[in-house]
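> Attaching a single structure in structure tokens format; questions to follow.
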Amino acid sequence: MTTTDSAQTGVAAANIGVVGLAVMGANLARNLASREGNTVAVFNRSPERTRTLVSEHPEAGFVPSETIADFAASLQRPRTAIIMVQAGAGTDAVIDQLTEVFEPGDIIVDGGNALFTDTIRREAAVRAKGLHFVGAGISGGEEGALNGPSIMPGGPAESYETLGPILESIAARAPEDGSPCVTHIGTDGAGHFVKMVHNGIEYADMQLIGEAYDLLRRVGGLSPEQIADVFTEWNKGELESYLIEITAEVLRQVDAETGKPFVDIILDRAGMKGTGTWTVQNALSLGIPVSGIGEAVFARGVSGRVEQREAVRPTITARPEPAKVDESFVEDVRRALYSSKVIAYAQGFDLILGGAEEYNWEINPGAVAKIWRAGCIIRARFLNRIAEAYDRNPRLQSLIADPYFAGEVAEGDAAWRRVVAIAAQSGVPAPAFGATLSYYDSLASDRLPAALIQGQRDFFGAHTYGRVDRPGVFHTNWSGDRNEVEQ
Ligand code: 6PG
């Protein structure tokens with residue numbers, strides 16, 4: 001490949017560029033190129049990859065470059081480039097290169113799964129040079145990148161004027177109203193923060209589905225194929241979602257080598273790249289309870305501690321028999337799954353709003369729900385319900401304070417409790433079902449044992465407490481006369 005014609009002649013041909021042409025970058029570039037009005041400049045550190053992409057996809061009309069300077073020259077102003085490299089040091093290296101050749105007003109977009117605090121840092125550094133930096137969460141995996149992802153851009157609102165129409169051209173479209181699944185989330189790291197929470201919710205969704213499967217199999221006695229049928233059925237109702245759909249497909253798969261259900265030949269150790277952990281770490285820092293997501297991350301951790309599991313298992317000799325259930329158990333599990341899912345999402349949205357408050361982002365939770373309706377991994381009919389809840393009341397304290405969700409959870413209340421009780425009786429772990437039910441019961445309780453904890457804290461550390469009957473800060477003289485003093 002030679003230097004591009006456009007770079008040689010100084011005619012900037014492309015309205016958008018992509019740096020980093022591994023599968024996600026290549027697919028995003030192809031998606032961009034396939035939309036009316038886009039001409040896409042492409043650059044990759046090793047030019048071989050660029051050559052392959054260009055030769056395999058002549059229909060895309062890519063404008064390739066072998067140097068970053070040529071890449072910059074091939075872009076119309078304001079230059080807009082989307083970085084699609086592995087999050088971390090590689091991103092910083094590309095930003096450094098781009099800031100060398102870009103000019104004030106140009107836009108650098110990071111489409112990787114960056115940690116939002118890195119995005120905040122990068123945005124400030126790039127802004128100091130007069131350029132715009134947009135951290136954009138992109139969900140939907142390789143297929144989404146090619147056919148329409150859900151996109152969560154942060155960065156300066158001004159940059160969205162140029163970037164928005166381009167991103168709207170490639171985003172998935174919501175089935176309900178055809179609107180593109182992209183919106184300006186908020187300034188600097190807001191987009192990557194929301195993408196992080198999306199992934200945390202994804203962990204919770206997957207764990208809850210996993211627990212439902214485990215209960216149907218170990219207590220309900222259903223085969224993977226039968227459970228696949230159950231999930232296919234569930235996918236016609238309120239639980240309709242991409243994750244339920246693909247779960248049925250995975251469960252129906254038979255291992256070609258052994259003839260066994262595919263799910264039985266996979267090692268039961270869930271991997272993770274870390275975004276779920278980030279979600280929980282940040283929730284803890286912000287003091288936002290996300291127990292459903294937390295249990296999902298912990299459950300992956302437990303699954304991976306193979307030596308510990310192997311050491312403990314033989315020491316536990318008495319294991320309970322699975323509880324006796326009838327055919328109504330399947331419907332109970334469906335109900336429990338829906339209620340737990342509502343809680344996991346309620347917690348995720350709490351975290352989004354908690355982050356918004358902490359970092360001064362004006363995030364519209366209803367708009368976030370809307371752009372998750374298609375393209376992303378957690379896409380689901382359910383997201384439309386969440387969008388409606390925030391339309392009804394933009395200042396909703398919790399999703400379960402919304403009349404629709406409150407009603408749904410109340411209706412499934414008995415089933416949810418039966419399932420959690422049966423899991424415990426049967427010795428089948430259901431940490432996310434259990435944690436989300438406990439969270440719900442905490443919110444529903446008139447009084448919490450936090451009162452006793454305050455008493456304990458005051459006893460050993462004079463940490464003081466408030467009273468229910470009058471304002472003020474109080475301490476009881478525990479080691480002396482046990483009289484109360486107002487502080
Ligand atoms: C998406 C996915 C994507 C990726 C996760 C998986 O929205 O497209 O969330 O970001 O699949 O990195 O995360 P784990 O490897 O941690 O499960």
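Chain labels follow the order of the structure tokens: the first chain is A, the next B, and so on; residue numbering restarts at 1 in every chain, and ligands are counted from 1 in their shown order.
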Just want the 8 Å neighbourhood of segment 200-214 of chain A, counted on only C-alpha atoms, with same-chain residues fewer than 4 positions away dropped. Output as an NGL selection string.
:A and (196 or 218-219 or 227 or 243-244 or 275-277 or 279-280 or 292-297 or 299 or 333-334 or 337 or 340-341 or 344-345 or 348 or 377-378 or 428-430 or 432-433)
> Set the cut-off to 9 Å, count only C-alpha atoms and all ligand atoms, and list whatever residues fall near ligand 1 as an MDAnalysis selection string.
chainID A and resid 112:113 137:142 144:145 149:150 195:196 198:200 202:203 270:277 375:378
> Counting only C-alpha atoms, what is within 8 Å of Arg335 of chain A, bar same-chain residues fewer than 5 positions away, as number ranges by chain?
A: 412, 415-416
> Applying 8 Å and only C-alpha atoms, which residues near Leu115 of chain A remain after dropping the ones on its own chain fewer than 4 positions away? List them as a list of chain:residue names.
A:Thr119, A:His192, A:Phe193, A:Met196, A:Trp278
> With a distance cut-off of 9 Å and only C-alpha atoms, select the neighbouring residues of Ala14 of chain A, excluding the residue or stretch itself and same-chain residues fewer than 2 positions from it, and output the selection as an mmCIF file with N, CA and C atoms, in the first residue's frame.

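Result file is part25.cif:
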```cif
data_model
loop_
_atom_site.group_PDB
_atom_site.id
_atom_site.type_symbol
_atom_site.label_atom_id
_atom_site.label_comp_id
_atom_site.auth_asym_id
_atom_site.auth_seq_id
_atom_site.Cartn_x
_atom_site.Cartn_y
_atom_site.Cartn_z
ATOM 1 N N SER A 6 -5.426 10.800 -1.351
ATOM 2 C CA SER A 6 -5.942 12.015 -0.720
ATOM 3 C C SER A 6 -4.848 12.713 0.059
ATOM 4 N N ALA A 12 -8.798 16.067 1.531
ATOM 5 C CA ALA A 12 -9.272 15.198 2.598
ATOM 6 C C ALA A 12 -10.556 14.513 2.145
ATOM 7 N N ILE A 16 -14.785 10.433 8.564
ATOM 8 C CA ILE A 16 -14.592 9.732 9.838
ATOM 9 C C ILE A 16 -13.439 8.751 9.673
ATOM 10 N N GLY A 17 -12.663 8.565 10.740
ATOM 11 C CA GLY A 17 -11.552 7.619 10.669
ATOM 12 C C GLY A 17 -11.632 6.601 11.795
ATOM 13 N N ASN A 38 -20.970 8.375 4.458
ATOM 14 C CA ASN A 38 -19.698 8.220 5.168
ATOM 15 C C ASN A 38 -18.588 7.737 4.240
ATOM 16 N N THR A 39 -17.440 8.371 4.393
ATOM 17 C CA THR A 39 -16.217 7.839 3.779
ATOM 18 C C THR A 39 -15.244 7.643 4.938
ATOM 19 N N VAL A 40 -14.681 6.438 5.013
ATOM 20 C CA VAL A 40 -13.980 6.056 6.232
ATOM 21 C C VAL A 40 -12.482 5.907 6.006
ATOM 22 N N ALA A 41 -11.711 6.680 6.758
ATOM 23 C CA ALA A 41 -10.253 6.541 6.751
ATOM 24 C C ALA A 41 -9.881 5.460 7.759
ATOM 25 N N PHE A 62 -12.677 2.205 1.591
ATOM 26 C CA PHE A 62 -11.846 2.758 2.671
ATOM 27 C C PHE A 62 -10.748 3.658 2.124
ATOM 28 N N VAL A 63 -10.366 4.635 2.936
ATOM 29 C CA VAL A 63 -9.221 5.475 2.614
ATOM 30 C C VAL A 63 -8.112 5.060 3.578
ATOM 31 N N SER A 74 -6.033 12.637 5.572
ATOM 32 C CA SER A 74 -7.139 12.077 4.786
ATOM 33 C C SER A 74 -8.509 12.427 5.381
ATOM 34 N N LEU A 75 -8.510 13.127 6.505
ATOM 35 C CA LEU A 75 -9.784 13.437 7.186
ATOM 36 C C LEU A 75 -10.220 14.888 6.973
ATOM 37 N N GLN A 76 -11.529 15.051 6.718
ATOM 38 C CA GLN A 76 -12.085 16.411 6.635
ATOM 39 C C GLN A 76 -12.133 17.040 8.035
ATOM 40 N N ARG A 79 -11.584 16.991 12.068
ATOM 41 C CA ARG A 79 -11.222 15.581 11.924
ATOM 42 C C ARG A 79 -11.864 14.796 13.077
#
```
> Tell me, which residues of segment 106-222 of chain A carry DSSP alpha helix (DSSP H), written as a PyMOL selection string?
chain A and resi 116-128+141-147+157-170+190-218
> Can you work out which one of A:Gln253, A:Gly427, A:Gly301, A:Asp350 has the shortest atom-to-atom distance to Arg319 of chain A, counting only C-alpha atoms?
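So, comparing all the options, the nearest one is A:Gly427.
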> Between atom CA of Pro104 of chain A and atom CA of Cys181 of chain A, what distance in Å does the model show, to one decimal?
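Computing the Euclidean distance for atom CA of Pro104 of chain A and atom CA of Cys181 of chain A yields 28.8 Å.
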> Which of these residues is nearest to Lys324 of chain A, using only C-alpha atoms: A:Leu215, A:Leu284, A:Leu239, A:Val230?
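Of the candidates, the smallest distance to Lys324 of chain A is held by A:Leu215.
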> Give me the residues near Leu21 of chain A as a list of chain:residue names, where near means some atom within 7 Å (using only C-alpha atoms) and where sequence neighbours in that chain fewer than 5 positions away do not count.
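Residues near the query, excluding close chain neighbours: A:Ala26, A:Asn44, A:Arg49, A:Thr50.
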> List every residue of segment 137-251 of chain A that DSSP, applied to the backbone, labels as strand (DSSP E or B), and write the result as a PyMOL selection string.
chain A and resi 137-139+150-153+173+180+182+241
> Write out as a ChimeraX atom specification the residues lying within 12 Å of Ala410 of chain A, counting only C-alpha atoms and excluding same-chain residues fewer than 6 positions away.
/A:335-336,338-340,342,400-404,416-417,437,440-441,444
> Could you save the residues just selected, with N, CA, C and O atoms, as a compact mmCIF listing (two decimals), in the first residue's frame?

```
# COMPACT_ATOMS: atom_id res chain seq x y z
N ARG A 335 -41.01 -16.13 37.46
CA ARG A 335 -41.40 -14.97 38.26
C ARG A 335 -40.21 -14.43 39.06
O ARG A 335 -39.96 -13.23 39.14
N ALA A 336 -39.50 -15.39 39.70
CA ALA A 336 -38.35 -15.00 40.53
C ALA A 336 -37.29 -14.32 39.66
O ALA A 336 -36.71 -13.30 40.05
N TYR A 338 -37.75 -12.66 36.94
CA TYR A 338 -38.18 -11.32 36.55
C TYR A 338 -38.02 -10.34 37.72
O TYR A 338 -37.48 -9.23 37.55
N SER A 339 -38.43 -10.76 38.91
CA SER A 339 -38.34 -9.85 40.06
C SER A 339 -36.88 -9.53 40.38
O SER A 339 -36.52 -8.37 40.63
N SER A 340 -36.02 -10.55 40.36
CA SER A 340 -34.60 -10.31 40.66
C SER A 340 -33.97 -9.41 39.60
O SER A 340 -33.13 -8.57 39.91
N VAL A 342 -35.54 -7.09 37.90
CA VAL A 342 -36.00 -5.72 38.18
C VAL A 342 -35.08 -5.08 39.23
O VAL A 342 -34.64 -3.92 39.08
N ILE A 400 -38.28 0.33 41.56
CA ILE A 400 -39.40 -0.38 42.19
C ILE A 400 -40.37 0.57 42.89
O ILE A 400 -41.37 0.14 43.45
N ALA A 401 -40.07 1.86 42.82
CA ALA A 401 -41.08 2.83 43.28
C ALA A 401 -42.05 3.16 42.14
O ALA A 401 -43.07 3.81 42.35
N ASP A 402 -41.73 2.71 40.94
CA ASP A 402 -42.63 2.94 39.80
C ASP A 402 -43.81 1.97 39.90
O ASP A 402 -43.63 0.78 40.22
N PRO A 403 -45.02 2.46 39.64
CA PRO A 403 -46.20 1.59 39.84
C PRO A 403 -46.15 0.30 39.01
O PRO A 403 -46.53 -0.75 39.52
N TYR A 404 -45.63 0.36 37.79
CA TYR A 404 -45.60 -0.87 36.99
C TYR A 404 -44.69 -1.90 37.64
O TYR A 404 -45.08 -3.05 37.87
N TRP A 416 -41.27 -15.74 44.18
CA TRP A 416 -39.86 -15.34 44.40
C TRP A 416 -39.34 -15.96 45.70
O TRP A 416 -38.27 -16.56 45.75
N ARG A 417 -40.18 -15.82 46.76
CA ARG A 417 -39.77 -16.35 48.07
C ARG A 417 -39.69 -17.87 48.04
O ARG A 417 -38.80 -18.48 48.63
N LEU A 437 -33.58 -10.40 46.57
CA LEU A 437 -34.79 -10.48 47.41
C LEU A 437 -34.52 -9.78 48.76
O LEU A 437 -35.38 -9.04 49.26
N TYR A 440 -34.73 -6.09 48.34
CA TYR A 440 -36.14 -5.68 48.23
C TYR A 440 -36.77 -5.64 49.62
O TYR A 440 -37.46 -4.67 49.98
N ASP A 441 -36.51 -6.67 50.41
CA ASP A 441 -37.08 -6.71 51.77
C ASP A 441 -36.52 -5.59 52.64
O ASP A 441 -37.20 -5.09 53.52
N ALA A 444 -38.37 -2.59 51.78
CA ALA A 444 -39.78 -2.71 52.19
C ALA A 444 -39.97 -2.66 53.70
O ALA A 444 -41.09 -2.49 54.18
```
> Figure out the distance between atom CA of Glu66 of chain A and atom CA of Leu131 of chain A, please, to one decimal in Å.
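Distance reported for this atom pair: 22.9 Å.
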> Please determine, counting only C-alpha atoms, which residue among A:Leu222, A:Gly354, A:Leu251, A:Asn384 has the shortest atom-to-atom distance to Val197 of chain A.
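Looking at the shortest contact to Val197 of chain A, the residue is A:Gly354.
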> Would you mind reading off the distance between atom CA of Glu321 of chain A and atom CA of Gly220 of chain A, one decimal, in Å?
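Going from atom CA of Glu321 of chain A over to atom CA of Gly220 of chain A, I get 12.2 Å.
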